[in-house]
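What follows is the content of input-v9.cif, which has mmCIF, C-alpha atoms:
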data_input
#
loop_
_atom_site.label_atom_id
_atom_site.label_comp_id
_atom_site.auth_asym_id
_atom_site.auth_seq_id
_atom_site.Cartn_x
_atom_site.Cartn_y
_atom_site.Cartn_z
CA ASN Z 14 2.89 -17.37 26.84
CA LYS Z 15 5.25 -16.36 24.03
CA THR Z 16 2.62 -14.32 22.17
CA PHE Z 17 2.72 -11.48 24.72
CA PRO Z 18 6.44 -10.64 24.42
CA ARG Z 19 6.19 -10.90 20.64
CA GLN Z 20 3.32 -8.38 20.65
CA LEU Z 21 5.40 -6.06 22.82
CA THR Z 22 8.27 -6.23 20.36
CA VAL Z 23 5.97 -5.50 17.42
CA GLN Z 24 4.50 -2.51 19.26
CA MET Z 25 7.99 -1.21 20.01
CA MET Z 26 9.07 -1.54 16.38
CA GLN Z 27 5.89 0.12 15.12
CA ASN Z 28 6.18 3.05 17.52
CA PRO Z 29 9.65 4.54 17.80
CA GLN Z 30 8.35 6.80 20.58
CA ILE Z 31 7.92 3.74 22.80
CA LEU Z 32 11.50 2.75 22.01
CA ALA Z 33 12.67 6.24 22.89
CA ALA Z 34 10.72 6.25 26.16
CA LEU Z 35 12.15 2.85 27.08
CA GLN Z 36 15.67 3.97 26.27
CA GLU Z 37 15.16 7.11 28.36
CA ARG Z 38 14.05 4.99 31.31
CA LEU Z 39 16.98 2.59 30.88
CA ASP Z 40 19.36 5.53 30.72
CA GLY Z 41 17.88 6.73 33.98
CA LEU Z 42 18.84 3.46 35.66
CA ASN Z 43 22.46 4.52 35.43
CA GLY Z 44 21.88 6.89 38.33
CA SER Z 45 22.55 10.58 38.76
CA PRO Z 46 25.46 12.51 40.28
CA SER Z 47 25.32 12.55 44.08
CA GLY Z 48 27.22 15.81 44.49
CA TYR Z 49 30.30 13.94 45.67
CA MET Z 50 32.38 15.12 42.70
CA GLU Z 51 31.68 18.77 43.53
CA SER Z 52 32.89 18.22 47.10
CA LEU Z 53 36.26 16.80 46.06
CA PRO Z 54 39.43 18.89 46.56
CA LYS Z 55 40.78 20.56 43.45
CA VAL Z 56 43.86 18.29 43.36
CA VAL Z 57 41.63 15.17 43.30
CA LYS Z 58 39.41 16.61 40.57
CA ARG Z 59 42.59 17.18 38.56
CA ARG Z 60 43.43 13.47 38.83
CA VAL Z 61 39.86 12.51 37.86
CA ASN Z 62 40.35 14.57 34.69
CA ALA Z 63 43.42 12.46 33.98
CA LEU Z 64 41.26 9.33 34.31
CA LYS Z 65 38.71 10.79 31.89
CA ASN Z 66 41.46 11.45 29.35
CA LEU Z 67 42.45 7.80 29.70
CA GLN Z 68 38.82 6.87 29.11
CA VAL Z 69 38.79 8.85 25.86
CA LYS Z 70 41.83 6.87 24.71
CA CYS Z 71 39.98 3.68 25.62
CA ALA Z 72 37.07 4.79 23.40
CA HIS Z 73 39.44 5.23 20.46
CA ILE Z 74 40.92 1.76 21.04
CA GLU Z 75 37.39 0.35 21.21
CA ALA Z 76 36.63 2.01 17.87
CA LYS Z 77 39.65 0.26 16.35
CA PHE Z 78 38.43 -3.01 17.88
CA TYR Z 79 35.09 -2.67 16.07
CA GLU Z 80 36.87 -1.84 12.83
CA GLU Z 81 38.74 -5.13 13.11
CA VAL Z 82 35.49 -6.92 13.95
CA HIS Z 83 34.09 -5.52 10.70
CA GLU Z 84 37.10 -6.90 8.84
CA LEU Z 85 36.51 -10.30 10.46
CA GLU Z 86 32.86 -10.17 9.40
CA ARG Z 87 33.95 -9.41 5.87
CA LYS Z 88 36.46 -12.30 5.95
CA TYR Z 89 33.97 -14.84 7.26
CA ALA Z 90 31.24 -13.60 4.93
CA ALA Z 91 33.38 -14.97 2.11
CA LEU Z 92 33.46 -18.37 3.88
CA TYR Z 93 29.69 -18.41 4.42
CA GLN Z 94 28.87 -17.32 0.86
CA PRO Z 95 29.35 -20.71 -0.89
CA LEU Z 96 26.85 -22.20 1.56
CA PHE Z 97 24.40 -19.35 0.99
CA ASP Z 98 24.86 -19.75 -2.79
CA LYS Z 99 23.98 -23.43 -2.53
CA ARG Z 100 20.94 -22.51 -0.42
CA SER Z 101 19.86 -20.16 -3.20
CA GLU Z 102 20.35 -22.85 -5.86
CA ILE Z 103 18.14 -25.27 -3.93
CA VAL Z 104 15.45 -22.63 -3.33
CA LYS Z 105 15.23 -21.66 -7.02
CA ALA Z 106 15.55 -25.26 -8.27
CA ALA Z 107 18.97 -24.78 -9.88
CA TYR Z 108 20.27 -27.69 -7.81
CA GLU Z 109 18.53 -30.81 -6.51
CA PRO Z 110 20.08 -31.97 -3.20
CA THR Z 111 21.08 -35.60 -2.83
CA ASP Z 112 19.36 -38.04 -0.50
CA GLU Z 113 22.32 -37.74 1.84
CA GLU Z 114 22.03 -33.95 1.90
CA CYS Z 115 18.31 -34.20 2.63
CA GLU Z 116 18.70 -36.63 5.53
CA TRP Z 117 17.64 -34.90 8.76
CA LYS Z 118 17.08 -36.45 12.14
CA ALA Z 119 14.37 -34.57 14.00
CA ASP Z 120 14.28 -34.50 17.80
CA GLU Z 121 11.14 -36.64 17.92
CA GLU Z 122 12.74 -39.36 15.82
CA GLU Z 123 15.56 -39.82 18.32
CA GLU Z 124 13.13 -41.35 20.81
CA LEU Z 125 11.56 -43.76 18.30
CA THR Z 126 12.67 -47.33 17.71
CA VAL Z 127 14.31 -48.24 14.42
CA SER Z 128 11.30 -50.33 13.37
CA LYS Z 129 8.93 -47.48 14.10
CA GLN Z 130 11.09 -45.11 12.04
CA ASP Z 131 11.10 -47.53 9.12
CA GLU Z 132 7.33 -47.83 9.34
CA MET Z 133 6.89 -44.06 9.33
CA LYS Z 134 9.33 -43.60 6.44
CA GLU Z 135 7.47 -46.17 4.34
CA LYS Z 136 4.16 -44.50 5.10
CA ALA Z 137 5.56 -41.06 4.29
CA LYS Z 138 7.01 -42.40 1.03
CA LEU Z 139 3.62 -43.77 -0.05
CA GLU Z 140 1.92 -40.47 0.79
CA GLU Z 141 4.52 -38.53 -1.19
CA GLU Z 142 4.10 -40.82 -4.20
CA LYS Z 143 0.35 -40.32 -4.02
CA LYS Z 144 0.74 -36.54 -3.88
CA ASP Z 145 3.15 -36.63 -6.82
CA GLU Z 146 0.51 -38.43 -8.89
CA GLU Z 147 -2.15 -35.89 -7.93
CA LYS Z 148 -0.22 -32.74 -8.71
CA GLU Z 149 2.82 -31.55 -10.55
CA ASP Z 150 6.08 -31.72 -8.59
CA PRO Z 151 6.92 -28.18 -7.33
CA LYS Z 152 10.33 -26.81 -8.24
CA GLY Z 153 12.79 -25.80 -5.53
CA ILE Z 154 11.15 -24.31 -2.44
CA PRO Z 155 8.26 -22.10 -3.60
CA GLU Z 156 7.74 -18.74 -1.90
CA PHE Z 157 10.73 -19.29 0.37
CA TRP Z 158 11.62 -15.65 1.03
CA LEU Z 159 7.99 -14.50 1.05
CA THR Z 160 7.31 -17.06 3.78
CA VAL Z 161 10.34 -15.84 5.75
CA PHE Z 162 9.03 -12.28 5.56
CA LYS Z 163 5.51 -13.30 6.59
CA ASN Z 164 6.86 -15.26 9.56
CA VAL Z 165 8.83 -12.32 10.99
CA ASP Z 166 6.65 -9.66 12.61
CA LEU Z 167 9.16 -6.89 11.96
CA LEU Z 168 8.97 -7.59 8.21
CA SER Z 169 5.37 -8.76 7.89
CA ASP Z 170 4.21 -5.41 9.26
CA MET Z 171 5.75 -3.82 6.13
CA LEU Z 172 4.05 -6.21 3.71
CA GLN Z 173 0.87 -5.32 1.90
CA GLU Z 174 -1.29 -7.74 -0.04
CA HIS Z 175 -0.14 -6.20 -3.33
CA ASP Z 176 3.52 -6.85 -2.38
CA GLU Z 177 3.14 -10.60 -2.10
CA PRO Z 178 2.89 -11.49 -5.81
CA ILE Z 179 6.15 -9.56 -6.36
CA LEU Z 180 8.02 -11.14 -3.45
CA LYS Z 181 7.18 -14.58 -4.82
CA HIS Z 182 9.85 -13.77 -7.41
CA LEU Z 183 12.52 -12.98 -4.77
CA GLN Z 184 15.21 -15.65 -5.13
CA ASP Z 185 17.91 -14.56 -2.70
CA ILE Z 186 19.15 -11.86 -0.32
CA LYS Z 187 22.87 -11.20 -0.02
CA VAL Z 188 24.99 -9.05 2.28
CA LYS Z 189 28.03 -7.34 0.77
CA PHE Z 190 30.57 -5.66 3.05
CA SER Z 191 32.74 -2.70 2.06
CA ASP Z 192 36.18 -3.47 0.66
CA PRO Z 193 39.28 -3.32 2.91
CA GLY Z 194 40.43 0.24 3.52
CA GLN Z 195 37.08 1.71 2.45
CA PRO Z 196 34.64 3.47 4.82
CA MET Z 197 32.64 0.96 6.84
CA SER Z 198 29.36 -0.02 5.14
CA PHE Z 199 27.24 -2.96 4.06
CA THR Z 200 24.81 -3.48 1.19
CA LEU Z 201 21.72 -5.68 1.10
CA GLU Z 202 21.11 -7.16 -2.36
CA PHE Z 203 17.64 -8.52 -3.17
CA LEU Z 204 17.87 -10.80 -6.22
CA PHE Z 205 14.72 -11.29 -8.32
CA GLU Z 206 13.90 -13.59 -11.21
CA ALA Z 207 12.35 -12.06 -14.33
CA ASN Z 208 8.86 -10.78 -13.54
CA ASP Z 209 6.07 -8.55 -14.85
CA PHE Z 210 6.48 -5.86 -12.18
CA PHE Z 211 9.91 -4.30 -12.80
CA THR Z 212 12.95 -4.84 -15.00
CA ASN Z 213 15.57 -4.83 -12.20
CA THR Z 214 17.17 -8.15 -11.39
CA VAL Z 215 18.74 -6.75 -8.21
CA LEU Z 216 17.41 -4.15 -5.74
CA THR Z 217 19.95 -2.71 -3.29
CA LYS Z 218 20.02 -0.89 0.03
CA THR Z 219 23.35 0.41 1.35
CA TYR Z 220 24.01 1.40 4.97
CA LYS Z 221 27.02 3.58 5.77
CA MET Z 222 28.49 3.27 9.25
CA ARG Z 223 30.92 5.08 11.49
CA SER Z 224 33.14 3.58 14.16
CA GLU Z 225 34.76 6.51 15.92
CA PRO Z 226 33.93 8.47 19.06
CA ASP Z 227 32.21 11.82 18.67
CA GLU Z 228 34.75 14.48 19.61
CA SER Z 229 32.09 16.51 21.39
CA ASP Z 230 30.84 13.49 23.39
CA PRO Z 231 33.43 10.67 23.30
CA PHE Z 232 31.94 8.83 26.29
CA SER Z 233 28.74 8.12 24.35
CA PHE Z 234 30.59 5.79 21.98
CA ASP Z 235 29.11 2.29 22.12
CA GLY Z 236 30.19 0.67 18.89
CA PRO Z 237 29.56 1.36 15.19
CA GLU Z 238 26.61 3.53 14.24
CA ILE Z 239 24.62 3.50 11.01
CA MET Z 240 24.86 7.08 9.77
CA CYS Z 241 22.76 7.01 6.59
CA CYS Z 242 21.34 4.71 3.96
CA THR Z 243 20.71 4.85 0.23
CA GLY Z 244 18.29 2.81 -1.82
CA CYS Z 245 17.95 2.31 -5.56
CA THR Z 246 15.64 3.24 -8.41
CA ILE Z 247 13.06 0.57 -9.21
CA GLU Z 248 12.30 0.43 -12.94
CA TRP Z 249 8.60 -0.32 -12.66
CA THR Z 250 6.62 -1.72 -15.55
CA LYS Z 251 3.87 0.70 -16.59
CA GLY Z 252 0.88 0.35 -14.29
CA LYS Z 253 2.68 -2.00 -11.88
CA ASN Z 254 4.18 0.47 -9.38
CA VAL Z 255 2.72 -0.65 -6.03
CA THR Z 256 4.32 2.30 -4.16
CA LEU Z 257 1.84 4.67 -5.81
CA LYS Z 258 -1.93 4.64 -6.05
CA THR Z 259 -4.47 6.68 -7.97
CA ILE Z 260 -7.33 8.29 -6.10
CA LYS Z 261 -10.30 10.26 -7.33
CA LYS Z 262 -11.46 13.35 -5.48
CA LYS Z 263 -14.47 15.55 -6.11
CA GLN Z 264 -13.91 19.31 -6.25
CA LYS Z 265 -16.59 21.96 -6.20
CA HIS Z 266 -16.05 25.17 -8.18
CA LYS Z 267 -16.47 28.16 -5.84
CA GLY Z 268 -18.07 30.42 -8.41
CA ARG Z 269 -20.21 28.19 -10.62
CA GLY Z 270 -20.93 25.54 -8.02
CA THR Z 271 -20.18 22.77 -10.49
CA VAL Z 272 -18.51 19.57 -9.28
CA ARG Z 273 -15.66 17.86 -11.10
CA THR Z 274 -13.68 14.70 -10.40
CA VAL Z 275 -9.92 15.10 -10.08
CA THR Z 276 -7.51 12.15 -10.34
CA LYS Z 277 -4.37 12.27 -8.20
CA THR Z 278 -1.41 9.93 -7.77
CA VAL Z 279 -0.39 9.59 -4.13
CA PRO Z 280 2.09 7.42 -2.18
CA ASN Z 281 0.91 3.94 -1.27
CA ASP Z 282 1.98 1.68 1.61
CA SER Z 283 4.34 -1.01 0.34
CA PHE Z 284 7.38 -3.02 1.36
CA PHE Z 285 9.13 -1.57 -1.69
CA ASN Z 286 9.19 1.88 -0.08
CA PHE Z 287 12.13 0.32 1.81
CA PHE Z 288 14.25 1.10 -1.26
CA THR Z 289 13.48 4.83 -1.20
CA PRO Z 290 14.44 6.02 2.32
CA PRO Z 291 14.25 9.74 3.20
CA ASP Z 292 17.21 11.72 1.90
CA VAL Z 293 19.43 12.81 4.80
CA PRO Z 294 21.80 15.69 4.00
CA GLU Z 295 24.98 15.54 6.06
CA ASN Z 296 24.70 17.37 9.41
CA ALA Z 297 21.08 18.28 8.64
CA GLU Z 298 18.40 18.62 11.31
CA LEU Z 299 15.56 16.13 10.87
CA ASP Z 300 11.95 16.42 11.94
CA GLU Z 301 10.51 13.79 14.27
CA ASP Z 302 8.70 11.90 11.49
CA SER Z 303 11.89 11.55 9.42
CA GLU Z 304 13.85 10.46 12.50
CA ALA Z 305 11.24 7.83 13.32
CA VAL Z 306 11.22 6.48 9.75
CA LEU Z 307 15.01 6.28 9.64
CA ALA Z 308 15.27 4.68 13.09
CA ALA Z 309 12.86 1.94 12.00
CA ASP Z 310 14.66 1.58 8.66
CA PHE Z 311 18.04 1.09 10.35
CA GLU Z 312 16.53 -1.48 12.71
CA ILE Z 313 15.12 -3.47 9.78
CA GLY Z 314 18.34 -3.31 7.75
CA HIS Z 315 20.40 -4.47 10.71
CA PHE Z 316 17.94 -7.30 11.45
CA ILE Z 317 18.02 -8.56 7.86
CA ARG Z 318 21.83 -8.52 7.89
CA GLU Z 319 22.33 -10.07 11.32
CA ARG Z 320 19.45 -12.53 11.57
CA ILE Z 321 17.47 -13.11 8.36
CA VAL Z 322 20.26 -13.76 5.85
CA PRO Z 323 22.38 -16.04 8.07
CA ARG Z 324 19.43 -18.04 9.42
CA ALA Z 325 16.83 -17.85 6.66
CA VAL Z 326 15.76 -21.52 6.76
CA LEU Z 327 15.03 -21.29 10.49
CA TYR Z 328 12.76 -18.28 9.92
CA PHE Z 329 11.12 -20.20 7.06
CA THR Z 330 10.34 -23.13 9.39
CA GLY Z 331 9.55 -20.87 12.36
CA GLU Z 332 12.25 -22.32 14.63
CA ALA Z 333 14.21 -19.06 14.85
CA ILE Z 334 11.05 -17.17 15.77
CA GLU Z 335 10.72 -19.23 18.96
CA ASP Z 336 14.30 -18.33 19.88
CA ASP Z 337 13.57 -14.65 19.25
CA ASP Z 338 10.53 -14.86 21.53
CA ASP Z 339 12.74 -16.11 24.35
CA ASP Z 340 15.22 -13.28 23.72
CA VAL Z 341 12.61 -10.53 24.08
CA ILE Z 342 10.99 -11.72 27.33
CA LEU Z 343 13.37 -9.57 29.37
CA SER Z 344 12.86 -6.49 27.21
CA GLY Z 345 9.11 -7.03 27.41
CA SER Z 346 9.28 -7.18 31.20
CA VAL Z 347 11.28 -3.94 31.32
CA LEU Z 348 8.71 -2.25 29.12
CA CYS Z 349 5.88 -3.38 31.40
CA VAL Z 350 7.70 -1.97 34.44
CA GLN Z 351 8.33 1.30 32.62
CA GLU Z 352 4.68 1.67 31.59
CA GLY Z 353 3.46 0.80 35.09
CA GLU Z 354 5.70 3.42 36.67
CA GLU Z 355 4.52 6.03 34.17
CA GLU Z 356 0.89 5.29 34.99
CA ALA Z 357 1.64 5.64 38.71
CA ASP Z 358 3.39 8.96 38.09
CA GLU Z 359 0.40 10.20 36.11
CA GLU Z 360 -2.07 9.28 38.85
CA ASN Z 361 -0.02 11.17 41.44
CA ASP Z 362 0.45 14.25 39.26
CA PRO Z 363 -2.35 16.80 39.79
CA ASP Z 364 -1.30 18.68 36.64
CA TYR Z 365 -1.32 15.58 34.43
CA ASP Z 366 -3.22 16.06 31.17
CA PRO Z 367 -3.72 12.81 29.20
CA LYS Z 368 -3.93 14.84 25.98
CA VAL Z 369 -0.42 16.20 26.45
CA ARG Z 370 2.47 13.73 26.44
CA SER Z 371 6.13 14.30 25.72
CA HIS Z 372 8.54 11.74 24.31
CA ALA Z 373 12.21 12.03 23.63
CA PRO Z 374 12.89 11.69 19.89
CA PRO Z 375 14.62 8.45 18.94
CA SER Z 376 18.25 8.46 17.86
CA ILE Z 377 18.67 7.84 14.16
CA HIS Z 378 22.08 6.25 14.74
CA PRO Z 379 21.38 3.04 16.73
CA PRO Z 380 24.57 1.20 17.72
CA LEU Z 381 25.10 -2.13 16.01
#
structure tokens encoding of this file:
Amino acid sequence: NKTFPRQLTVQMMQNPQILAALQERLDGLNGSPSGYMESLPKVVKRRVNALKNLQVKCAHIEAKFYEEVHELERKYAALYQPLFDKRSEIVKAAYEPTDEECEWKADEEEELTVSKQDEMKEKAKLEEEKKDEEKEDPKGIPEFWLTVFKNVDLLSDMLQEHDEPILKHLQDIKVKFSDPGQPMSFTLEFLFEANDFFTNTVLTKTYKMRSEPDESDPFSFDGPEIMCCTGCTIEWTKGKNVTLKTIKKKQKHKGRGTVRTVTKTVPNDSFFNFFTPPDVPENAELDEDSEAVLAADFEIGHFIRERIVPRAVLYFTGEAIEDDDDDVILSGSVLCVQEGEEEADEENDPDYDPKVRSHAPPSIHPPL
């Protein structure tokens, strides 16, 4: 049943504390010191220190490796882009693909005889002609990106009903990598057609990364980390800002006892809050809520870059979602084991209080 692992993944993405608890358990699988190191002669410990210094040098070489990987990504992004541009033109009806470009042999058709295929094609052609007579021919692929978002749990959880009319105007998403020699980063560009909600034609989200070992803990290096992100200002049309809502609250005057109605503007749940992430001053300490928001934000940005943009049509059709379900079965199984062990620990702990639980805060710099 593929629904179960998908639900686990959604729960993990919605609750960074579960992610942190899982990571803590996985970290624990690495084992703990046995005391053997302490028993070694001083001369052997000295040689072990030499090995650790070699390991630090390895970490720096690994960092350079990832920098070159980033350059390769940038190089191949330029090769992919003409294909993505053509995809965008088809979606927004700027280009009508030829019959040859539209020819696709589905798996089921491979098993059918030629005569059966011809019969089905003729029947499909008649049905299409009938539909064309009944309604106006749609342009491009309507609601392409909105459908992609709704098909992906990680993104659909961010969507609100009032976001959908706006996302119908989303025409493309692009990934732009930093220029050669510049600090490592990537920008997500959301391209919109003219609409009644805001005047922007492009909304952006930039993620800055670092690919170098931390001097205070070089052995923790495990590839590039997203260090911070910046959004953009959305120029909302008056009365159309879905990230805010107006509420009315009754207040009672302490002295006179009279009641008045006060109108307040408060934040509203919306996908478009994605473009206004929490401000993170450099080297600043963050509270748990801010860390959780940023951890989820980084996960979403990375997913859009790595999976959604390159494979958008497969998320539109749902084919990529089935592949993702297969990928998370293992992680779902690990989570089940972790939860089962925690429950067993709680039952055996006489001091366990279900109202008091501790979770390690999630890292806000997940490795890519």
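Computed from the coordinates, the CA of Trp158 (chain Z) to CA of Gly244 (chain Z) distance equals 19.8 Å.
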Selection under test: the PyMOL selection byres ((chain Z and resi 100) around 12); residues as a PyMOL selection string: chain Z and resi 93-99+101-110+114+153-154+157-158+184-187+322-326
Export of prior selection with C-alpha atoms as an mmCIF file, keeping the file's coordinate frame:
data_model
loop_
_atom_site.group_PDB
_atom_site.id
_atom_site.type_symbol
_atom_site.label_atom_id
_atom_site.label_comp_id
_atom_site.auth_asym_id
_atom_site.auth_seq_id
_atom_site.Cartn_x
_atom_site.Cartn_y
_atom_site.Cartn_z
ATOM 1 C CA TYR Z 93 29.690 -18.410 4.420
ATOM 2 C CA GLN Z 94 28.870 -17.320 0.860
ATOM 3 C CA PRO Z 95 29.350 -20.710 -0.890
ATOM 4 C CA LEU Z 96 26.850 -22.200 1.560
ATOM 5 C CA PHE Z 97 24.400 -19.350 0.990
ATOM 6 C CA ASP Z 98 24.860 -19.750 -2.790
ATOM 7 C CA LYS Z 99 23.980 -23.430 -2.530
ATOM 8 C CA SER Z 101 19.860 -20.160 -3.200
ATOM 9 C CA GLU Z 102 20.350 -22.850 -5.860
ATOM 10 C CA ILE Z 103 18.140 -25.270 -3.930
ATOM 11 C CA VAL Z 104 15.450 -22.630 -3.330
ATOM 12 C CA LYS Z 105 15.230 -21.660 -7.020
ATOM 13 C CA ALA Z 106 15.550 -25.260 -8.270
ATOM 14 C CA ALA Z 107 18.970 -24.780 -9.880
ATOM 15 C CA TYR Z 108 20.270 -27.690 -7.810
ATOM 16 C CA GLU Z 109 18.530 -30.810 -6.510
ATOM 17 C CA PRO Z 110 20.080 -31.970 -3.200
ATOM 18 C CA GLU Z 114 22.030 -33.950 1.900
ATOM 19 C CA GLY Z 153 12.790 -25.800 -5.530
ATOM 20 C CA ILE Z 154 11.150 -24.310 -2.440
ATOM 21 C CA PHE Z 157 10.730 -19.290 0.370
ATOM 22 C CA TRP Z 158 11.620 -15.650 1.030
ATOM 23 C CA GLN Z 184 15.210 -15.650 -5.130
ATOM 24 C CA ASP Z 185 17.910 -14.560 -2.700
ATOM 25 C CA ILE Z 186 19.150 -11.860 -0.320
ATOM 26 C CA LYS Z 187 22.870 -11.200 -0.020
ATOM 27 C CA VAL Z 322 20.260 -13.760 5.850
ATOM 28 C CA PRO Z 323 22.380 -16.040 8.070
ATOM 29 C CA ARG Z 324 19.430 -18.040 9.420
ATOM 30 C CA ALA Z 325 16.830 -17.850 6.660
ATOM 31 C CA VAL Z 326 15.760 -21.520 6.760
#
Reference answer for the PyMOL selection byres ((chain Z and resi 180) around 9), as JSON, numbers by chain: {"Z": [156, 158, 159, 176, 177, 178, 179, 181, 182, 183, 184, 205]}
With the cut-off set at 8 Å and counting only C-alpha atoms, tabulate each residue of region 147-182 of chain Z with an atom at most that distance from an atom of region 276-299 of chain Z, showing the nearest atom pair and its distance in Å to one decimal, ordered by chain and increasing number, as CSV.
residue,atom,partner,partner_atom,distance
Z:Met171,CA,Z:Phe284,CA,5.1
Z:Leu172,CA,Z:Phe284,CA,5.2
Z:Gln173,CA,Z:Ser283,CA,5.7
Z:His175,CA,Z:Ser283,CA,7.8
Z:Asp176,CA,Z:Ser283,CA,6.5
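The spacing separating CA of Leu257 (chain Z) from CA of Val275 (chain Z) amounts to 16.3 Å.
For the pair CA of Glu51 (chain Z) and CA of His73 (chain Z), the interatomic distance is 27.9 Å.
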The PyMOL selection byres ((chain Z and resi 64-72) around 10) applied to the shown file, residues as a ChimeraX atom specification: /Z:58-63,73-78,225-228,230-236
Using only C-alpha atoms: which of Z:Cys241, Z:Val161, Z:Ile334, Z:Val188 has the shortest distance to Tyr220 (chain Z): Z:Cys241
Residue contacts of region 317-321 of chain Z (12 Å, all atoms listed in the file) excluding same-chain residues fewer than 6 positions away, as a ChimeraX atom specification: /Z:86,90,97,158,160-162,164-165,167-168,185-190,198-203,218-220,310-311,327-329,331,333-334,336-337,381
